[in-house]
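Participant: Below is query31.cif; it holds mmCIF, C-alpha atoms.
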```cif
data_model
#
loop_
_atom_site.label_atom_id
_atom_site.label_comp_id
_atom_site.auth_asym_id
_atom_site.auth_seq_id
_atom_site.Cartn_x
_atom_site.Cartn_y
_atom_site.Cartn_z
CA MET A 14 37.09 114.08 168.64
CA ASP A 15 40.16 113.35 170.77
CA LYS A 16 43.05 111.27 169.59
CA ASP A 17 41.91 108.18 171.46
CA GLY A 18 38.42 108.49 170.08
CA ALA A 19 39.69 108.89 166.52
CA GLU A 20 41.90 105.85 166.81
CA VAL A 21 39.17 103.77 168.37
CA THR A 22 36.75 104.73 165.62
CA ALA A 23 39.32 104.01 162.94
CA MET A 24 40.05 100.62 164.40
CA ALA A 25 36.37 99.80 164.73
CA MET A 26 35.84 100.63 161.07
CA THR A 27 38.69 98.46 159.91
CA GLU A 28 37.84 95.42 161.99
CA ALA A 29 35.24 93.35 160.26
CA LYS A 30 34.19 91.27 163.22
CA VAL A 31 34.79 90.80 166.89
CA VAL A 32 36.05 87.39 167.85
CA GLU A 33 34.35 86.18 171.01
CA PHE A 34 35.61 83.29 173.06
CA PRO A 35 33.11 81.00 174.75
CA VAL A 36 32.50 81.51 178.44
CA SER A 37 34.50 78.98 180.44
CA GLU A 38 32.78 76.27 182.42
CA ALA A 39 34.11 77.70 185.67
CA GLN A 40 32.71 81.09 184.71
CA ALA A 41 29.32 79.56 183.95
CA VAL A 42 29.23 77.84 187.33
CA SER A 43 30.26 81.08 189.00
CA ASP A 44 27.49 82.97 187.20
CA GLU A 45 24.98 80.34 188.31
CA ARG A 46 26.08 80.68 191.93
CA LEU A 47 25.88 84.45 191.66
CA LEU A 48 22.35 84.27 190.32
CA CYS A 49 21.36 81.97 193.17
CA ALA A 50 22.92 84.32 195.75
CA LEU A 51 21.16 87.32 194.24
CA ARG A 52 17.81 85.55 194.47
CA ASN A 53 18.52 84.69 198.08
CA VAL A 54 19.33 88.32 198.89
CA ALA A 55 16.17 89.40 197.10
CA ALA A 56 14.26 86.94 199.29
CA GLY A 57 15.73 88.56 202.40
CA ASN A 58 18.58 86.14 203.14
CA LEU A 59 21.44 88.57 203.74
CA ASP A 60 23.93 85.76 204.42
CA ALA A 61 24.04 85.37 200.66
CA LEU A 62 25.90 88.67 200.53
CA ASP A 63 29.01 86.76 201.63
CA GLU A 64 28.71 84.52 198.59
CA ILE A 65 28.34 87.55 196.32
CA TRP A 66 31.41 89.05 197.93
CA ARG A 67 33.43 85.88 197.35
CA LEU A 68 32.36 85.74 193.73
CA CYS A 69 32.64 89.40 192.79
CA ALA A 70 34.76 91.41 195.23
CA ASP A 71 37.99 91.12 193.23
CA ASP A 72 36.31 92.28 190.03
CA PHE A 73 34.36 95.03 191.79
CA TYR A 74 37.37 96.49 193.53
CA GLY A 75 39.65 96.03 190.54
CA LEU A 76 37.30 97.78 188.15
CA ALA A 77 36.67 100.61 190.61
CA LEU A 78 40.39 101.08 191.23
CA TRP A 79 41.30 100.97 187.54
CA SER A 80 38.53 103.44 186.82
CA THR A 81 39.05 105.94 189.65
CA GLY A 82 42.74 105.53 190.32
CA SER A 83 42.09 106.07 194.00
CA ARG A 84 41.93 103.38 196.64
CA ALA A 85 39.58 105.43 198.82
CA ASP A 86 37.21 106.11 195.93
CA ALA A 87 37.33 102.49 194.85
CA GLU A 88 36.42 101.33 198.36
CA ASP A 89 33.56 103.83 198.49
CA ALA A 90 32.29 102.62 195.12
CA VAL A 91 32.31 98.97 196.18
CA GLN A 92 30.56 99.78 199.43
CA ASP A 93 27.99 101.87 197.60
CA VAL A 94 27.22 99.02 195.24
CA PHE A 95 26.63 96.58 198.10
CA VAL A 96 24.28 99.05 199.76
CA ARG A 97 22.34 99.38 196.50
CA LEU A 98 22.44 95.65 195.98
CA VAL A 99 20.30 94.80 199.00
CA ARG A 100 17.52 96.95 197.53
CA THR A 101 17.86 95.90 193.91
CA ALA A 102 18.97 92.26 194.10
CA GLY A 103 15.73 91.00 192.56
CA HIS A 104 16.07 93.42 189.68
CA VAL A 105 19.73 92.49 189.15
CA ALA A 106 18.87 88.78 189.21
CA SER A 107 16.45 89.27 186.34
CA ALA A 108 19.11 90.91 184.17
CA ARG A 109 20.43 89.00 181.17
CA CYS A 110 23.95 88.93 182.61
CA PRO A 111 23.82 89.76 186.34
CA ARG A 112 27.61 89.96 186.64
CA ALA A 113 27.83 92.52 183.85
CA TYR A 114 24.92 94.42 185.41
CA LEU A 115 26.72 94.53 188.76
CA LEU A 116 29.94 95.66 187.11
CA ALA A 117 27.99 98.40 185.36
CA MET A 118 26.76 99.51 188.80
CA VAL A 119 30.36 99.53 190.02
CA ARG A 120 31.46 101.54 187.01
CA ARG A 121 28.72 104.11 187.55
CA ALA A 122 29.62 104.43 191.22
CA ALA A 123 33.29 104.80 190.25
CA LEU A 124 32.42 107.45 187.66
CA ASP A 125 30.48 109.38 190.29
CA ALA A 126 33.50 109.24 192.57
CA ARG A 127 35.78 110.31 189.73
CA ARG A 128 33.54 113.26 188.85
CA ARG A 129 33.50 114.36 192.47
CA ARG A 130 37.28 114.34 192.58
CA ARG A 131 37.77 115.86 189.09
CA GLU A 132 41.11 114.17 188.57
CA VAL A 133 42.13 110.78 187.30
CA ALA A 134 45.74 110.53 188.38
CA LEU A 135 46.40 107.20 190.00
CA ASP A 136 47.47 107.63 193.57
CA ASP A 137 49.42 104.39 193.63
CA PRO A 138 50.01 102.84 190.22
CA ALA A 139 51.90 99.94 191.75
CA ALA A 140 48.65 98.64 193.23
CA LEU A 141 46.95 98.05 189.89
CA VAL A 142 48.20 94.52 189.38
CA GLY A 143 49.66 91.94 191.67
CA PRO A 144 51.77 88.81 191.27
CA ALA A 145 50.12 85.49 190.57
CA GLY A 146 50.82 82.23 188.85
CA ASP A 147 54.17 81.01 187.66
CA PRO A 148 56.96 83.25 189.01
CA ALA A 149 59.13 82.37 186.01
CA ALA A 150 56.54 83.70 183.59
CA ARG A 151 55.77 86.70 185.71
CA LEU A 152 56.39 90.16 184.37
CA ASP A 153 57.47 93.02 186.58
CA GLU A 154 54.18 94.05 188.16
CA ASN A 155 55.43 97.51 189.07
CA ARG A 156 56.43 98.25 185.51
CA VAL A 157 53.16 96.91 184.10
CA SER A 158 51.20 98.90 186.68
CA SER A 159 52.96 102.13 185.80
CA LEU A 160 52.30 101.52 182.10
CA VAL A 161 48.65 100.72 182.74
CA ALA A 162 48.40 103.95 184.71
CA ARG A 163 49.37 105.86 181.56
CA LEU A 164 46.33 104.54 179.70
CA ALA A 165 43.16 106.61 179.52
CA PRO A 166 40.52 105.44 182.05
CA LYS A 167 38.20 104.14 179.32
CA LEU A 168 41.00 101.99 177.90
CA ARG A 169 41.87 100.72 181.37
CA GLU A 170 38.25 99.77 181.95
CA ALA A 171 38.14 97.81 178.70
CA VAL A 172 41.30 95.91 179.59
CA PHE A 173 40.12 95.12 183.09
CA LEU A 174 36.68 93.93 182.01
CA ARG A 175 38.03 91.73 179.24
CA HIS A 176 41.22 90.48 180.78
CA PHE A 177 40.63 90.28 184.52
CA ALA A 178 36.83 90.13 184.82
CA GLU A 179 36.84 87.83 181.76
CA LEU A 180 33.70 89.29 180.27
CA THR A 181 32.87 88.81 176.63
CA PHE A 182 33.25 91.90 174.48
CA ALA A 183 29.46 92.13 174.29
CA ASP A 184 29.12 92.15 178.07
CA ALA A 185 32.07 94.51 178.52
CA ALA A 186 30.37 96.83 176.04
CA ARG A 187 27.16 96.69 178.08
CA VAL A 188 29.08 97.56 181.22
CA MET A 189 30.73 100.55 179.52
CA GLY A 190 27.59 101.59 177.66
CA VAL A 191 29.23 101.47 174.24
CA PRO A 192 28.85 99.31 171.11
CA THR A 193 30.61 95.94 171.08
CA PHE A 194 33.03 97.06 168.37
CA THR A 195 34.05 100.04 170.45
CA ALA A 196 34.72 97.87 173.49
CA ALA A 197 36.81 95.48 171.39
CA SER A 198 38.69 98.34 169.78
CA ARG A 199 39.42 99.97 173.12
CA TYR A 200 40.80 96.67 174.39
CA ARG A 201 42.99 96.13 171.36
CA LEU A 202 44.16 99.72 171.32
CA ALA A 203 45.11 99.45 175.00
CA LEU A 204 47.05 96.22 174.44
CA ARG A 205 48.76 97.67 171.40
CA ARG A 206 49.90 100.68 173.39
CA LEU A 207 51.09 98.54 176.28
CA ARG A 208 53.07 96.33 173.92
CA ASP A 209 54.55 99.36 172.23
CA TRP A 210 55.54 100.86 175.55
CA MET A 211 57.00 97.54 176.66
CA GLY A 212 58.98 97.33 173.46
CA VAL A 213 57.32 94.12 172.35
CA GLU A 214 57.40 93.48 168.63
CA ARG A 215 54.02 93.15 167.02
CA MET B 13 49.51 91.21 166.30
CA SER B 14 51.43 88.81 168.48
CA ASN B 15 49.81 86.93 171.28
CA HIS B 16 52.17 88.43 173.84
CA ASP B 17 50.19 89.03 177.00
CA PRO B 18 51.27 92.14 178.90
CA PHE B 19 49.62 90.72 182.01
CA SER B 20 51.21 87.30 181.91
CA GLY B 21 51.59 85.95 185.43
CA LEU B 22 49.83 88.92 186.95
CA ARG B 23 46.42 89.29 188.49
CA GLY B 24 44.17 92.19 189.42
CA PRO B 25 44.61 94.41 192.46
CA GLU B 26 44.21 92.94 195.90
CA VAL B 27 41.09 93.84 197.86
CA PRO B 28 42.16 95.78 200.96
CA ASP B 29 41.72 94.27 204.38
CA GLY B 30 38.59 95.39 206.14
CA LEU B 31 36.67 96.40 203.03
CA ARG B 32 34.61 93.23 203.12
CA GLU B 33 33.45 93.89 206.69
CA ARG B 34 32.68 97.54 205.97
CA ALA B 35 30.78 96.87 202.75
CA LEU B 36 28.71 93.99 204.14
CA ALA B 37 27.96 95.87 207.35
CA ALA B 38 26.80 98.88 205.33
CA ALA B 39 24.62 96.63 203.20
CA ARG B 40 23.05 95.01 206.27
CA ARG B 41 22.38 98.43 207.81
CA ALA B 42 20.76 99.55 204.58
CA ALA B 43 18.60 96.44 204.54
CA ALA B 44 17.42 97.17 208.07
CA GLU B 45 16.39 100.69 207.17
CA PRO B 46 13.17 101.41 205.32
CA ALA B 47 13.77 101.69 201.61
CA PRO B 48 14.00 105.31 200.51
CA ARG B 49 11.22 106.61 198.34
CA VAL B 50 12.44 106.72 194.81
CA SER B 51 10.67 109.23 192.67
CA TRP B 52 10.39 109.12 188.91
CA VAL B 53 12.62 112.16 188.79
CA ASP B 54 15.38 110.18 190.54
CA VAL B 55 14.99 107.31 188.11
CA LEU B 56 15.11 109.65 185.13
CA TRP B 57 18.08 111.48 186.60
CA ASP B 58 20.01 108.27 187.20
CA SER B 59 19.26 106.94 183.75
CA ARG B 60 20.47 110.17 182.20
CA LEU B 61 17.24 110.19 180.20
CA LEU B 62 16.43 113.59 181.63
CA TRP B 63 19.66 114.97 180.25
CA ARG B 64 18.93 113.51 176.82
CA VAL B 65 15.42 114.96 176.80
CA TRP B 66 16.78 118.30 177.88
CA ALA B 67 19.53 118.26 175.24
CA GLY B 68 16.99 117.22 172.61
CA ALA B 69 14.65 120.05 173.58
CA VAL B 70 17.44 122.62 173.39
CA ALA B 71 18.58 121.30 170.02
CA THR B 72 15.01 121.40 168.70
CA LEU B 73 14.53 124.96 169.89
CA LEU B 74 17.78 126.05 168.30
CA ALA B 75 16.82 124.36 165.03
CA ALA B 76 13.40 126.05 165.17
CA TYR B 77 15.02 129.43 165.74
CA VAL B 78 17.37 128.99 162.82
CA TRP B 79 14.55 127.74 160.59
CA ALA B 80 12.32 130.61 161.64
CA GLY B 81 15.08 133.10 161.01
CA ARG B 82 15.70 131.80 157.53
CA SER B 83 12.10 131.37 156.51
CA LEU B 84 10.99 134.69 157.92
CA SER B 85 13.89 136.74 156.67
CA PRO B 86 12.14 137.74 153.40
CA ALA B 87 9.22 139.09 155.42
CA LEU B 88 11.61 141.29 157.31
CA ASP B 89 12.09 143.37 154.21
CA HIS B 90 8.75 144.82 155.10
CA GLY B 91 9.04 144.83 158.84
CA LEU B 92 8.75 142.33 161.60
CA ALA B 93 7.16 138.95 161.23
CA ARG B 94 4.73 137.67 163.79
CA SER B 95 4.14 134.08 164.73
CA ASP B 96 1.78 132.78 167.40
CA GLY B 97 1.83 136.05 169.22
CA ALA B 98 5.60 136.23 169.40
CA THR B 99 7.59 138.55 167.27
CA ILE B 100 10.63 136.96 165.78
CA ALA B 101 13.24 139.28 164.45
CA ALA B 102 15.83 137.83 162.15
CA VAL B 103 18.82 139.85 161.12
CA ARG B 104 21.58 139.31 158.68
CA ALA B 105 24.80 139.67 160.56
CA ASP B 106 27.82 141.37 159.05
CA ASP B 107 29.36 138.07 158.12
CA GLY B 108 26.30 137.13 156.13
CA VAL B 109 24.95 134.56 158.55
CA ILE B 110 21.29 134.72 159.41
CA GLY B 111 20.95 135.27 163.10
CA VAL B 112 17.82 135.35 165.17
CA LEU B 113 16.78 137.79 167.86
CA GLY B 114 13.86 136.46 169.65
CA PRO B 115 11.23 135.50 170.15
CA LEU B 116 10.60 138.98 171.47
CA TRP B 117 7.33 138.78 173.29
CA SER B 118 6.65 142.47 173.32
CA GLN B 119 6.04 144.47 170.18
CA GLU B 120 7.78 147.44 171.73
CA ARG B 121 10.95 145.50 172.47
CA ALA B 122 10.92 143.97 169.03
CA THR B 123 10.51 147.35 167.38
CA ALA B 124 13.30 148.80 169.48
CA ALA B 125 15.60 145.94 168.53
CA TRP B 126 14.69 146.35 164.90
CA GLU B 127 15.30 150.08 164.97
CA ALA B 128 18.66 149.48 166.58
CA LEU B 129 19.78 147.54 163.55
CA ASP B 130 21.19 149.09 160.48
CA ARG B 131 18.05 148.29 158.50
CA GLU B 132 19.06 150.20 155.44
CA ASP B 133 22.36 148.35 155.30
CA TRP B 134 20.54 145.03 155.57
CA LEU B 135 18.04 145.86 152.89
CA SER B 136 20.75 146.96 150.54
CA ARG B 137 22.36 143.51 150.46
#
```
How does the structure come out when it is put into structure tokens?
Facilitator:
Amino acid sequence: MDKDGAEVTAMAMTEAKVVEFPVSEAQAVSDERLLCALRNVAAGNLDALDEIWRLCADDFYGLALWSTGSRADAEDAVQDVFVRLVRTAGHVASARCPRAYLLAMVRRAALDARRRRREVALDDPAALVGPAGDPAARLDENRVSSLVARLAPKLREAVFLRHFAELTFADAARVMGVPTFTAASRYRLALRRLRDWMGVER
Amino acid sequence: MSNHDPFSGLRGPEVPDGLRERALAAARRAAAEPAPRVSWVDVLWDSRLLWRVWAGAVATLLAAYVWAGRSLSPALDHGLARSDGATIAAVRADDGVIGVLGPLWSQERATAAWEALDREDWLSR
């Protein structure tokens, strides 16, 4: 077992439970709109693809980029998912959590791209995060990006799904195809490493 | 652990210009084309079930070989053991581990393999 795997397992064994936060109201509304758009696509209304793009594009591209480390591969993965989506929208709509299902499709497409390339070095770490919100509270995005780039891809995926896609640990685990404890442990391990690298006291 | 957020004030990567048009155009083209025939093999391949079945079959075969080698090794004192038409030759390697040669589907090949071994040395252990 590699070092990451050993640490993840050790953390999973020592953590008695995973604390889940309730899904926000905005997220629930967004999920409802996504479900509606998926049903419309399944019924043949392709204009609903625009709505799906508005709701999911940031998460799709972000996850693909954090997973592959390549802009070109990330773009291919997102495009591939939309092509698949028009044929499987009805199936996706019947999933328990359509957003998680779609992100799992993105992750698989990104993994395929990563396997084809056989390398995981990020071609532009500075592109991993961007500025938003209060400038006073903003951290140096270039520094954070370069630190994120040092994380293993599976840790990056966990951080992105939990932090930026705002999935619950259970849904993030479904996307990554691992147990909930493992997803939570990967997330915490990633944050711990980032804080250590940033010199933040724990 | 503190609540310090390493991503405070930051958001995810920005979607590149033009990707939306490309992705939606590709999706619309795909919708206009007839759906490709998806075989059960494709479904199994995508789900990785095929790989799991294959890995399970290999593991089962290996376990069966090891079991056969161990259970048949006493019979090898008196020659080769036969099972379901196949001859399974088990040998004790120099390091003491039971290894398995076979199944050897021809009696001639099995006998040749057996003769090639230091049978006397094995029997003397």
Participant: Compile the contact shell of Met189 (chain A) as an mmCIF file with C-alpha atoms, in the coordinates of the input: residues with an atom at most 8 Å away, counting only C-alpha atoms, same-chain residues fewer than 2 positions apart removed.
Facilitator:
```cif
data_model
loop_
_atom_site.group_PDB
_atom_site.id
_atom_site.type_symbol
_atom_site.label_atom_id
_atom_site.label_comp_id
_atom_site.auth_asym_id
_atom_site.auth_seq_id
_atom_site.Cartn_x
_atom_site.Cartn_y
_atom_site.Cartn_z
ATOM 1 C CA ALA A 117 27.990 98.400 185.360
ATOM 2 C CA ARG A 120 31.460 101.540 187.010
ATOM 3 C CA GLU A 170 38.250 99.770 181.950
ATOM 4 C CA ALA A 171 38.140 97.810 178.700
ATOM 5 C CA ALA A 185 32.070 94.510 178.520
ATOM 6 C CA ALA A 186 30.370 96.830 176.040
ATOM 7 C CA ARG A 187 27.160 96.690 178.080
ATOM 8 C CA VAL A 191 29.230 101.470 174.240
ATOM 9 C CA ALA A 196 34.720 97.870 173.490
#
```
Participant: CA of Val188 (chain A) and CA of Cys110 (chain A) are how many Å apart?
Facilitator: 10.1 Å
Participant: May I ask for the distance between CA of Tyr200 (chain A) and CA of Leu78 (chain A), given in Å to one decimal place?
Facilitator: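 Distance reported for this atom pair: 17.4 Å.
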Participant: Let me make sure I understand: among B:Arg41, B:Arg49, B:Arg34, B:Arg64, which one has the smallest atom-to-atom distance to Gln92 (chain A) if we use all atoms listed in the file?
Facilitator: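 Closest to Gln92 (chain A), using all atoms listed in the file: B:Arg34.
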Participant: Can you measure CA of Ala39 (chain B) to CA of Val96 (chain A) for me? One decimal in Å is fine.
Facilitator: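 Value for the CA of Ala39 (chain B)-CA of Val96 (chain A) distance: 4.2 Å.
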Participant: For a quick check of understanding, using all atoms listed in the file, which of B:Ala43, B:Leu74, B:Ala38, B:Gly24 has the smallest distance to Asn58 (chain A)?
Facilitator: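 Closest candidate: B:Ala43.
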Participant: What would region 31-57 of chain B look like with N, CA and C atoms in place, written as an mmCIF file, keeping the file's coordinate frame?
Facilitator:
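Once everything was written out, this is out21.cif:
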```
data_model
loop_
_atom_site.group_PDB
_atom_site.id
_atom_site.type_symbol
_atom_site.label_atom_id
_atom_site.label_comp_id
_atom_site.auth_asym_id
_atom_site.auth_seq_id
_atom_site.Cartn_x
_atom_site.Cartn_y
_atom_site.Cartn_z
ATOM 1 N N LEU B 31 37.721 95.900 203.931
ATOM 2 C CA LEU B 31 36.670 96.400 203.030
ATOM 3 C C LEU B 31 35.452 95.469 203.050
ATOM 4 N N ARG B 32 35.718 94.181 203.108
ATOM 5 C CA ARG B 32 34.610 93.230 203.120
ATOM 6 C C ARG B 32 33.680 93.506 204.311
ATOM 7 N N GLU B 33 34.267 93.653 205.493
ATOM 8 C CA GLU B 33 33.450 93.890 206.690
ATOM 9 C C GLU B 33 32.673 95.198 206.559
ATOM 10 N N ARG B 34 33.350 96.233 206.089
ATOM 11 C CA ARG B 34 32.680 97.540 205.970
ATOM 12 C C ARG B 34 31.533 97.489 204.967
ATOM 13 N N ALA B 35 31.802 96.886 203.809
ATOM 14 C CA ALA B 35 30.780 96.870 202.750
ATOM 15 C C ALA B 35 29.573 96.031 203.167
ATOM 16 N N LEU B 36 29.838 94.856 203.745
ATOM 17 C CA LEU B 36 28.710 93.990 204.140
ATOM 18 C C LEU B 36 27.940 94.581 205.308
ATOM 19 N N ALA B 37 28.656 95.231 206.229
ATOM 20 C CA ALA B 37 27.960 95.870 207.350
ATOM 21 C C ALA B 37 27.071 97.012 206.846
ATOM 22 N N ALA B 38 27.594 97.779 205.890
ATOM 23 C CA ALA B 38 26.800 98.880 205.330
ATOM 24 C C ALA B 38 25.568 98.334 204.606
ATOM 25 N N ALA B 39 25.755 97.230 203.911
ATOM 26 C CA ALA B 39 24.620 96.630 203.200
ATOM 27 C C ALA B 39 23.564 96.133 204.183
ATOM 28 N N ARG B 40 24.015 95.531 205.275
ATOM 29 C CA ARG B 40 23.050 95.010 206.270
ATOM 30 C C ARG B 40 22.311 96.173 206.954
ATOM 31 N N ARG B 41 23.044 97.248 207.218
ATOM 32 C CA ARG B 41 22.380 98.430 207.810
ATOM 33 C C ARG B 41 21.327 98.971 206.847
ATOM 34 N N ALA B 42 21.701 99.023 205.580
ATOM 35 C CA ALA B 42 20.760 99.550 204.580
ATOM 36 C C ALA B 42 19.518 98.664 204.482
ATOM 37 N N ALA B 43 19.738 97.352 204.623
ATOM 38 C CA ALA B 43 18.600 96.440 204.540
ATOM 39 C C ALA B 43 17.665 96.611 205.724
ATOM 40 N N ALA B 44 18.232 97.001 206.866
ATOM 41 C CA ALA B 44 17.420 97.170 208.070
ATOM 42 C C ALA B 44 16.617 98.459 208.043
ATOM 43 N N GLU B 45 17.098 99.404 207.256
ATOM 44 C CA GLU B 45 16.390 100.690 207.170
ATOM 45 C C GLU B 45 15.255 100.579 206.158
ATOM 46 N N PRO B 46 14.233 101.409 206.338
ATOM 47 C CA PRO B 46 13.170 101.410 205.320
ATOM 48 C C PRO B 46 13.727 101.919 203.995
ATOM 49 N N ALA B 47 13.274 101.290 202.932
ATOM 50 C CA ALA B 47 13.770 101.690 201.610
ATOM 51 C C ALA B 47 13.392 103.136 201.322
ATOM 52 N N PRO B 48 14.331 103.910 200.825
ATOM 53 C CA PRO B 48 14.000 105.310 200.510
ATOM 54 C C PRO B 48 13.015 105.383 199.365
ATOM 55 N N ARG B 49 12.178 106.397 199.430
ATOM 56 C CA ARG B 49 11.220 106.610 198.340
ATOM 57 C C ARG B 49 11.984 107.071 197.109
ATOM 58 N N VAL B 50 11.766 106.347 196.063
ATOM 59 C CA VAL B 50 12.440 106.720 194.810
ATOM 60 C C VAL B 50 11.403 107.335 193.882
ATOM 61 N N SER B 51 11.626 108.566 193.550
ATOM 62 C CA SER B 51 10.670 109.230 192.670
ATOM 63 C C SER B 51 11.043 108.989 191.212
ATOM 64 N N TRP B 52 10.109 109.274 190.347
ATOM 65 C CA TRP B 52 10.390 109.120 188.910
ATOM 66 C C TRP B 52 11.492 110.069 188.469
ATOM 67 N N VAL B 53 11.558 111.201 189.141
ATOM 68 C CA VAL B 53 12.620 112.160 188.790
ATOM 69 C C VAL B 53 13.984 111.546 189.060
ATOM 70 N N ASP B 54 14.101 110.829 190.226
ATOM 71 C CA ASP B 54 15.380 110.180 190.540
ATOM 72 C C ASP B 54 15.738 109.143 189.496
ATOM 73 N N VAL B 55 14.736 108.358 189.113
ATOM 74 C CA VAL B 55 14.990 107.310 188.110
ATOM 75 C C VAL B 55 15.448 107.937 186.795
ATOM 76 N N LEU B 56 14.739 108.985 186.384
ATOM 77 C CA LEU B 56 15.110 109.650 185.130
ATOM 78 C C LEU B 56 16.498 110.265 185.237
ATOM 79 N N TRP B 57 16.775 110.835 186.405
ATOM 80 C CA TRP B 57 18.080 111.480 186.600
ATOM 81 C C TRP B 57 19.187 110.435 186.515
#
```
